[in-house]
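Below is one structure, written out as C-alpha cells; comments come after it.
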There are 4 protein chains.
Amino acid sequence: MSFNTFGQMFRVTTWGESHGPAIGCTVDGCPPGLPLTEADLQPWLDARKPGQNKFTTQRREDDLVRILSGTFQGLTTGTPIQLMIENTDQRSKDYGDIAQSFRPGHADITYHQKYGLRDPRGGGRSSARETASRVAAGGVARVALAALVPGLKITGYMVQMGARAIDRARFDADQIARNPFWCPDPVAATDWATYLDDLRKSHNSVGAVIEVTATGVPPGLGAPLYGKLDADLAAAMMSINAVKGVEIGEGMASAALTGVENADEIRMGPKGPEFLSNHAGGILGGISTGQPVVVRFAVKPTSSILTPRRTITTAGDEIDLVTKGRHDPCVGIRAVPVGEAMLACVLLDHVLRDRAQTGGQRGQIG
Amino acid sequence: MSFNTFGQMFRVTTWGESHGPAIGCTVDGCPPGLPLTEADLQPWLDARKPGQNKFTTQRREDDLVRILSGTFQGLTTGTPIQLMIENTDQRSKDYGDIAQSFRPGHADITYHQKYGLRDPRGGGRSSARETASRVAAGGVARVALAALVPGLKITGYMVQMGARAIDRARFDADQIARNPFWCPDPVAATDWATYLDDLRKSHNSVGAVIEVTATGVPPGLGAPLYGKLDADLAAAMMSINAVKGVEIGEGMASAALTGVENADEIRMGPKGPEFLSNHAGGILGGISTGQPVVVRFAVKPTSSILTPRRTITTAGDEIDLVTKGRHDPCVGIRAVPVGEAMLACVLLDHVLRDRAQTGGQRGQIG
Amino acid sequence: MSFNTFGQMFRVTTWGESHGPAIGCTVDGCPPGLPLTEADLQPWLDARKPGQNKFTTQRREDDLVRILSGTFQGLTTGTPIQLMIENTDQRSKDYGDIAQSFRPGHADITYHQKYGLRDPRGGGRSSARETASRVAAGGVARVALAALVPGLKITGYMVQMGARAIDRARFDADQIARNPFWCPDPVAATDWATYLDDLRKSHNSVGAVIEVTATGVPPGLGAPLYGKLDADLAAAMMSINAVKGVEIGEGMASAALTGVENADEIRMGPKGPEFLSNHAGGILGGISTGQPVVVRFAVKPTSSILTPRRTITTAGDEIDLVTKGRHDPCVGIRAVPVGEAMLACVLLDHVLRDRAQTGGQRGQIG
Amino acid sequence: MSFNTFGQMFRVTTWGESHGPAIGCTVDGCPPGLPLTEADLQPWLDARKPGQNKFTTQRREDDLVRILSGTFQGLTTGTPIQLMIENTDQRSKDYGDIAQSFRPGHADITYHQKYGLRDPRGGGRSSARETASRVAAGGVARVALAALVPGLKITGYMVQMGARAIDRARFDADQIARNPFWCPDPVAATDWATYLDDLRKSHNSVGAVIEVTATGVPPGLGAPLYGKLDADLAAAMMSINAVKGVEIGEGMASAALTGVENADEIRMGPKGPEFLSNHAGGILGGISTGQPVVVRFAVKPTSSILTPRRTITTAGDEIDLVTKGRHDPCVGIRAVPVGEAMLACVLLDHVLRDRAQTGGQRGQIG
C-alpha cells in the first residue's frame, strides 16, 4: 500500500477533498465482462451518505456516482474504472474560522506540519467524505465477487457504542437495517438512540466498535508472510478515518485465552473440514480457512464537538476552540458501510492474487 | 505489501523455512555510508533467540547472522544487504509424525489447501523462526534511524499475560530487561513466572499483549490515505505470527470514550506544540504528531500444546493430536523483540518516504 | 509499473477512453507547496492537441484540463491531484463500422482476445488520446522539477521521418517550434512537409524517430539494478502508443562501436568532472552522470490508413478493411510532447526516490 | 520495478557483489507443486558462466547454485525460493589499483556520486556477475512456464557483432549452440572468431546485438497501459548491464516503414487468426498476439580494455587508466543467456498477472 492507492491486483486510487468540486477513485484491475452500471453502486453510497437522520451530519449530499470510464454497453472492459461523485453541499463558510487553528483530535496539525499547508475546508483530504470513494469501489468489488465467488456474503454492523455492547444472545441479522445504527440487537438499538441523543444535546460524541464478516469465503486466500489476508485487512481497516484498533476473530481477547481454549478443533463434515469454533476469525497463518472471516475495528469519538477544547493556532497562540458545523455525534455509524466496502475490496484482491499464483486450485483433504 | 516483501523505500524480503539450511532476508533501500557489521545486529537476535530459559522453546540455535552483501569496509553501500542465519538445530524427527495431520491453530491446513503441499518440518515457512529475519532487518533499520533521527528510541515490553495485566502505576522501564518476560512491572513478572510454570506443567499455553513505543519520532511521518503510518503499523504487526489484534494509542478502548475525553488538547511548549494527553498514540490522520508512537498487539496462545486436541489428517481421518516438540508456553514473550523490529522498519520506511515527498521540511507553528 | 499506474514516488494513474465522457489521471506523491493552476498545464496540452494543421487528425478537441483536487489557493497540498479532460468531439459514427473487425496494426484483436470485449469507439482505451493525460501529468512534473532542480531543461524533437533523418550539422533548437514536425533542421522540415503530404494523399502513413533530452540533470539519479534510470525510461517510452524501440545515448548503434571509441573519457572541469563525449546518453550503470540524458524512440507508422488491408472479423470472416476517420499520417509528430512528458515524470520520480535514500547528498570528487 | 526487485506476481530480488562471499536472489510468487531442484537451474548457469573459451573472461567460477528455501521433497511450495551462488575466484588484487579512479564507461563514477562510496572489487554491485542471479531466476521461470504454457519456447542468439550482422538467409537455429557466440549463421560465426581475436589482441573490445524470441506465447499477455508486455520487456532488457537500446519486432526500423508496409495483415487459419507478417514482434497495444515475441537489444563494447583511456581519480587528478584484469572482449556474448532469462521471467509474470485478472479466458474469434 502506498499513498493513495490500495490493493495489488484490484487497485483503488482515491482522490478529492471534502469541499473541492468532486471526489472519486480509479478502480484498476477489475475482471472484464462483468455487468456494471451506476445502479449497482448507488445503493451502497446511499447507505453511507450523510443527512439521513438526526444521528448523522446534516450535510446534504446526493452522492450520485458517475462511471466515467472502464465500461462499454454496461459491461466492464478490464480497463480502469473512474468513479466520480460531485460535491454539491459545500458550506465552506462553516469552516472558515478554523483555517488558522488546529482542532484537537483532527489531522489539522499533522497535515500542517508535514505539508506546510492544508486545505481547511471541511478537513480537506482528511475528511471522512473520502470514504464515499471507498464505498463506490467496494460496490465494484461486490459485483466481481458475486461473479467469481458466488455465495460470498459480507455483513457489517455495530457491536458497541461507547461502553455499551450488544448482547450477542440477541443477535438478529434482520435487525441491522431496521435502525439507524446498523445494530443487530434491537434492545441495544433502542438504548443507543436515547444515549446518543443525550450526548449530542450535551455537545459531546462517542466512539464505537464495528464488526464486519464474510461468509462463503473459500479457503486459500492470503499470501504469507507480508500479504497475509489479516495483515491486509488490518491495514485496510486502520486506514479508515478515526479507526484506532483492528481485531481478527478473538482479537485482543485472544491474549487471555489458553492454548486449550483457543484451539479451533477440526472434524470432517460432509463437504470437507469443519471447525468446531472460530477463535481464529477465519484466518490461520494469514490464509483463509473457509470459516467466516471476522474483523472488528474501533472508531474513536467524533473529534468535532461543540464543547470547547484547548488548542493552539498556526501562529502559536493558545485558544479554546469550539468546532461548529454539522457533525455526526458517533462517526462510527457511517463507518459500517465503509468497513464492508474495504472487506469486499481486500477479499477480491486476494481472490485475484490467489488465482495468479495457484490458478485457484486447492489441496485435497480426504 | 506483497507476498514476502514489506516496506516501500526500506524494503525487506524474507525467505527460509524452519528446518531448511538457512533463513534470511534482503534489505533494500538502506541509506549508504552507515556503519554496519554483524556486531550491530547480533544483540537483537540474541534477545529473540530460543532456549534462553525455561519459558521459551529449548531448541538451541546460535542465530548467528552473516552479512553477505551491501557493505564495504564496514559501511553500507546503498546496495541490497543480504542477511543469512543458518539453521543448526533442526530436529526434524520431532515433527515427522505430524506431516500428515493438521495441528489445530496452526497454518498446516491453510497452507495445504492453498498450495497443495507444505513443508511440515517445524511449520516450514509459517514457523515463528522466520521472525529472526525480521529482527535482523530491524537491526539495520535501527542503525539508519540512529543516523537520521538521533534521539528516536524504541521500547517493547509485555503488558499482559493471559488475563493478568501489569499495573501501570508500577511501570519501570529499567525492569524490562531484568526478567524473562520483558515485563516493566516487577510484581507482575514474579506472578507471571509462577503462572506460566503451572500452565507449562499442565500442558497448556497462554496469550499475551505486547506494547511497543517510539519516542523522539518527528512529526510528519505517514502518507495518507493508504500509506498511513498507523495502517502500515497495523499490517506490520498483524503479519507477525499469532497476532490477532493491533491497537494504536487507546486502541479498542477508544470506542468507550467520549469526544470530550478523547481530545488530546494542545498547548504551546518551549519547543513547539505539546499535547496534554496521548489518546491518539502519536498519530493523527495517519501522520505522526511528534508524541510517542504507541502500538499494542495481542498474541494468541501457542497452538502447539501437549494436551490432545481433535483434528483431521490429510486423508480426512479424525484423530486426537498431541503436538510434541519444544514449544514456548507463551510465544508472546519472544514477540517483543519482533514487534520492536517491525516498528523500527516501518518508522525508517516512513522517514525515507517523507523526505522523498517533502524533503523533510516541516510547517512552522508560532 | 503495474496496469494503469507508473512511477514509484511520483505516481500517475491514468483512466479514460477515447470516446467516453472524459479522460484523466491522478497524480500522487507530488511535493507540497508548489504553485499549480490549470494555466501551468494547458500549454503542454495545447502543444499535443489534434487538429492544429493538416498533418494531424482533424478531430477537434479543446483539451481543456481541470484540476479537481490536490491544490488549495493555487498551491499543491501534497494530496492526489486529479486532472480531468472532457471529450467533446466524439464522432462515434466514424468508428461504428469497425466494431466487429480488427484493424491491422491496432490493439483491436489483442484487447478482444484478452478481455473478451472492447470499447471500439475510436480505439477505446488503446487510443492515442490517452496520451493527453500523460502530457497533463508531465506538466505537474515540470512544475516540481522547476522547484527542485532549477536549470533542468527538457527538449523533444523529431530526428527522422520515414527513412529521412535530419542532418545533425544543421541542428538548431530554435527551429523546433517553427514547423509542425518539431524538427530542429529547417531543411528537413521543408522536405518532410512535401513527403508527408504526398503520403497522406496516397492514403498511406509513415513512422518516425523522436529524441528527447534533458540538460541540467544532477548526477546520482537512478536506482540500480531494477529501478535504473534507463530501465525506467525504456518502460516509459515503450508504453507510449506505437513505440517499437527505445535507445539511450548511442542506442542500437553502440553495438558497432569498439571499446576505445565508446569510452566517454573524463577530465576535471572548473565545476567538477567533465566527459569528453556522451555515448552513454548521460547514464552509467543505471545512474545519471550529470551529462545530458538522451533518449530516442521509434514510432511506427499510423495503422489507420485509407488503403485497404486484409483482416478478419470477430466472426472469423476474412475481409478487406479501410480505416476511415480522421487520422494522423505520422502519429510520431504528436508523440514529441508525450515523450517530453514521460521524461519529466521519470526524472521527477527519480529525484524523489534519490532523496529518499541518500537525502540528495553527493559523493565528493576532488 | 523498484530498486533490486523486478516483476509483480513473479518477483525476483537479487543481491550480492562481484567479490563478496556470494550472490543470489529470492524468487517470490512461484506457483506451487512444480518439480524443482538445482539440476533444473545449473545448465543455464553453465551456459552463462565465464572462462569457457578465450572469448570470455578467464575468471574461473563454478557458479554452483544452491536452493536454500522454497522447495520440499523436490517440489516448489509456493514460498520464496532463495538461490545462492558462492563466489570462489575473487582475485581482488586485480582491482586494487582502480579503487580510487573511475574507469570510463563503468558505473564507478555514478555509484561514487550517488552513494558517496562504492565496493570497487570487480565493480561490486554493478558487475555483470549479478546476471548469474537473473539466469538462475530465469531457470525457475522456465520450469513454471513449462507447466503453465506447454510448447512455449525461448531462443536467444547474437545477430550482430560490431558492425557485422548475420545474414538472415543463413539463419540456422541448430548452429546457435555450436559456436562460442550463440550465432545462428555459421559463416558469421567464423568471421566473428577472427574479428574478435584481433580486437582482443589489439586491446580493444566491441559491442553486439542480441535477439531473444519466444514462440508458443498465448495471446492476451500484457496489462495496458503501464504494465504493457513490451514496456516490461524494455525495462527488463535495459536493466541488463551495458544494454543501450531495446527493440520489439521491427524496432527502430519501424520508423522507416509506411503504414501499408507495416500492417501485419490477418487471415483465418485452421486454429484461429494468422498474421501474414510480424512487424509487431508479437505485441499489439502492449498485449501479445500469439505470434512469436521478438526482442532485440544492443550491448555496448566492454568498457574494461587494456588501451589507456583518460579519466580522473576520486581526488580529482587527471590520469590515463588501463583496466587490467580478466575481461570479455565482447560482453554481449554472455548477455545471450541473460536475455533469455529475462524474457522467461517477464513472460511468466504476465501469465500470472493475466490469469489474476481474466482467469486465463480468451475472447472468441470465429
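Residue numbers start at 1 in each chain; chains themselves are named A, B, ... in the order of the C-alpha cells; ligands are numbered from 1 in the order shown.
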(request) Extract, using only C-alpha atoms, all DNA, RNA and protein residues at most 9 Å from segment 343-348 of chain C, discarding same-chain residues fewer than 4 positions from it, and format them as a VMD selection string. (result) chain C and resid 6 to 7 9 to 12 134 137 to 142 144 to 145 148 154 212 to 214 217 221 to 222 229 232 to 233 236 to 237 295 338 to 339 352 to 353
(message) Taking only C-alpha atoms into account, find every residue of chain A that has an atom no more than 6 Å from chain D, and write it out as a list in words.
(response) Pro31, Leu352, Arg353, Arg355, Ala356, Gln357 and Thr358 of chain A
Kindly export the residues of the current selection with C-alpha atoms, as a short mmCIF file (atom, residue, chain, number, x, y, z; two decimals), in the first residue's frame.
data_model
loop_
_atom_site.label_atom_id
_atom_site.label_comp_id
_atom_site.auth_asym_id
_atom_site.auth_seq_id
_atom_site.Cartn_x
_atom_site.Cartn_y
_atom_site.Cartn_z
CA PRO A 31 -12.03 -8.51 -14.27
CA LEU A 352 -7.26 -12.40 -7.91
CA ARG A 353 -3.83 -12.74 -6.32
CA ARG A 355 -5.57 -17.36 -8.80
CA ALA A 356 -2.47 -15.65 -10.18
CA GLN A 357 -0.21 -17.92 -8.17
CA THR A 358 -2.21 -21.12 -7.74
#
(message) I want to know what sits within 10 Å of Pro43 of chain A, based on only C-alpha atoms, with residues of the same chain fewer than 6 positions away left out; could you give that as a PyMOL selection string?
(response) chain A and resi 49+64+135-136+139
(message) Show me, as a PyMOL selection string, the residues that have an atom within 12 Å of Val243 of chain D when counting only C-alpha atoms, minus same-chain residues fewer than 6 positions from it.
(response) (chain C and resi 228+230-231+234+246-255+280-281+283-286) or (chain D and resi 128+207-210+234-237+296-302+331-332+335-336+338-339)
(request) Skip Asp264 of chain D itself and residues of its chain fewer than 4 positions away, then list as a PyMOL selection string all residues within 7 Å of it, counting only C-alpha atoms. (result) (chain C and resi 104-105) or (chain D and resi 275-279)
Written selection (C-alpha atoms) as an mmCIF file, in the first residue's frame:
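Writing the result to selection03.cif gives the following:
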data_model
loop_
_atom_site.group_PDB
_atom_site.id
_atom_site.type_symbol
_atom_site.label_atom_id
_atom_site.label_comp_id
_atom_site.auth_asym_id
_atom_site.auth_seq_id
_atom_site.Cartn_x
_atom_site.Cartn_y
_atom_site.Cartn_z
ATOM 1 C CA PRO C 104 -4.351 -4.443 -38.691
ATOM 2 C CA GLY C 105 -1.653 -2.882 -36.566
ATOM 3 C CA PHE D 275 -0.815 -12.909 -39.265
ATOM 4 C CA LEU D 276 0.853 -12.649 -42.659
ATOM 5 C CA SER D 277 3.872 -10.858 -41.203
ATOM 6 C CA ASN D 278 5.219 -9.966 -37.771
ATOM 7 C CA HIS D 279 6.492 -6.415 -37.871
#
(message) To test your reading of the structure, identify every residue in segment 172-249 of chain A that backbone DSSP assigns to alpha helix (DSSP H), and report it as a list in words.
(response) Pro186, Val187, Ala188, Ala189, Thr190, Asp191, Trp192, Ala193, Thr194, Tyr195, Leu196, Asp197, Asp198, Leu199, Arg200, Lys201, Leu229, Asp230, Ala231, Asp232, Leu233, Ala234, Ala235, Ala236, Met237 and Met238 of chain A
(request) May I ask which of the residues A:Asn53, A:Thr88, A:Asn179, A:Thr77 is the closest one to Gln113 of chain C, counting only C-alpha atoms? (result) A:Thr77
(request) Return the single residue from D:Arg170, D:Arg164, D:Arg118, D:Arg310 that is closest to Leu75 of chain B, with distances computed using only C-alpha atoms. (result) D:Arg118
(request) Please provide the set of residues having any atom within 8 Å of segment 193-199 of chain A, restricted to only C-alpha atoms, with same-chain residues fewer than 6 positions apart removed, written as a list in words. (result)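 My list of contacting residues is Phe55, Ser205, Val206, Pro329 and Cys330 of chain A.
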For the selection you just gave me, I'd like the residues written to a file as a CSV table (one decimal), in the first residue's frame, keeping N, CA, C and O atoms.
chain,number,residue,atom,x,y,z
A,55,PHE,N,-28.9,11.4,13.7
A,55,PHE,CA,-27.6,10.9,14.3
A,55,PHE,C,-26.4,11.0,13.3
A,55,PHE,O,-25.3,10.6,13.7
A,205,SER,N,-19.7,13.5,22.0
A,205,SER,CA,-19.7,12.5,21.0
A,205,SER,C,-19.2,11.2,21.6
A,205,SER,O,-18.7,11.2,22.7
A,206,VAL,N,-19.2,10.1,20.8
A,206,VAL,CA,-18.8,8.9,21.4
A,206,VAL,C,-18.2,7.9,20.4
A,206,VAL,O,-18.6,8.1,19.2
A,329,PRO,N,-22.6,12.8,15.8
A,329,PRO,CA,-22.2,12.5,17.2
A,329,PRO,C,-21.5,11.2,17.4
A,329,PRO,O,-20.7,11.0,18.4
A,330,CYS,N,-21.7,10.3,16.5
A,330,CYS,CA,-21.0,9.0,16.5
A,330,CYS,C,-20.6,8.6,15.1
A,330,CYS,O,-21.4,8.0,14.4
(message) Among segment 71-157 of chain A, which residues does DSSP mark as strand (DSSP E or B) when it is run on the backbone? Keep the chain and numbering as in the structure and answer as a ChimeraX atom specification.
(response) /A:71-72,75-76,81-86,101,153-157
(request) Grab the atom CA of Pro337 of chain B to atom CA of Asp62 of chain B distance for me, in Å with one decimal place. (result)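 Pair atom CA of Pro337 of chain B / atom CA of Asp62 of chain B returns 16.4 Å.
Proximity to Lys324 of chain B was assessed for B:Gly156, B:Asp191, B:His203, B:Pro150 counting only C-alpha atoms; the smallest distance is recorded for B:His203.
For Gly216 of chain D, the list of residues within 10 Å, based on only C-alpha atoms and with local chain neighbours fewer than 2 positions off taken out, reads Val149, Pro150, Gly151, Leu152, Lys153, Ile154, Ala214, Pro218, Pro219, Gly290, Gln291, Pro292 and Val293 of chain D.
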(message) Calculated over only C-alpha atoms, which of the candidates A:Leu257, A:Ala39, A:Val187, A:Ala22 has the smallest distance to Arg66 of chain C?
(response) A:Ala22
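If you look at atom CA of Thr131 of chain B and atom CA of Gly116 of chain B, they are 24.4 Å away from each other.
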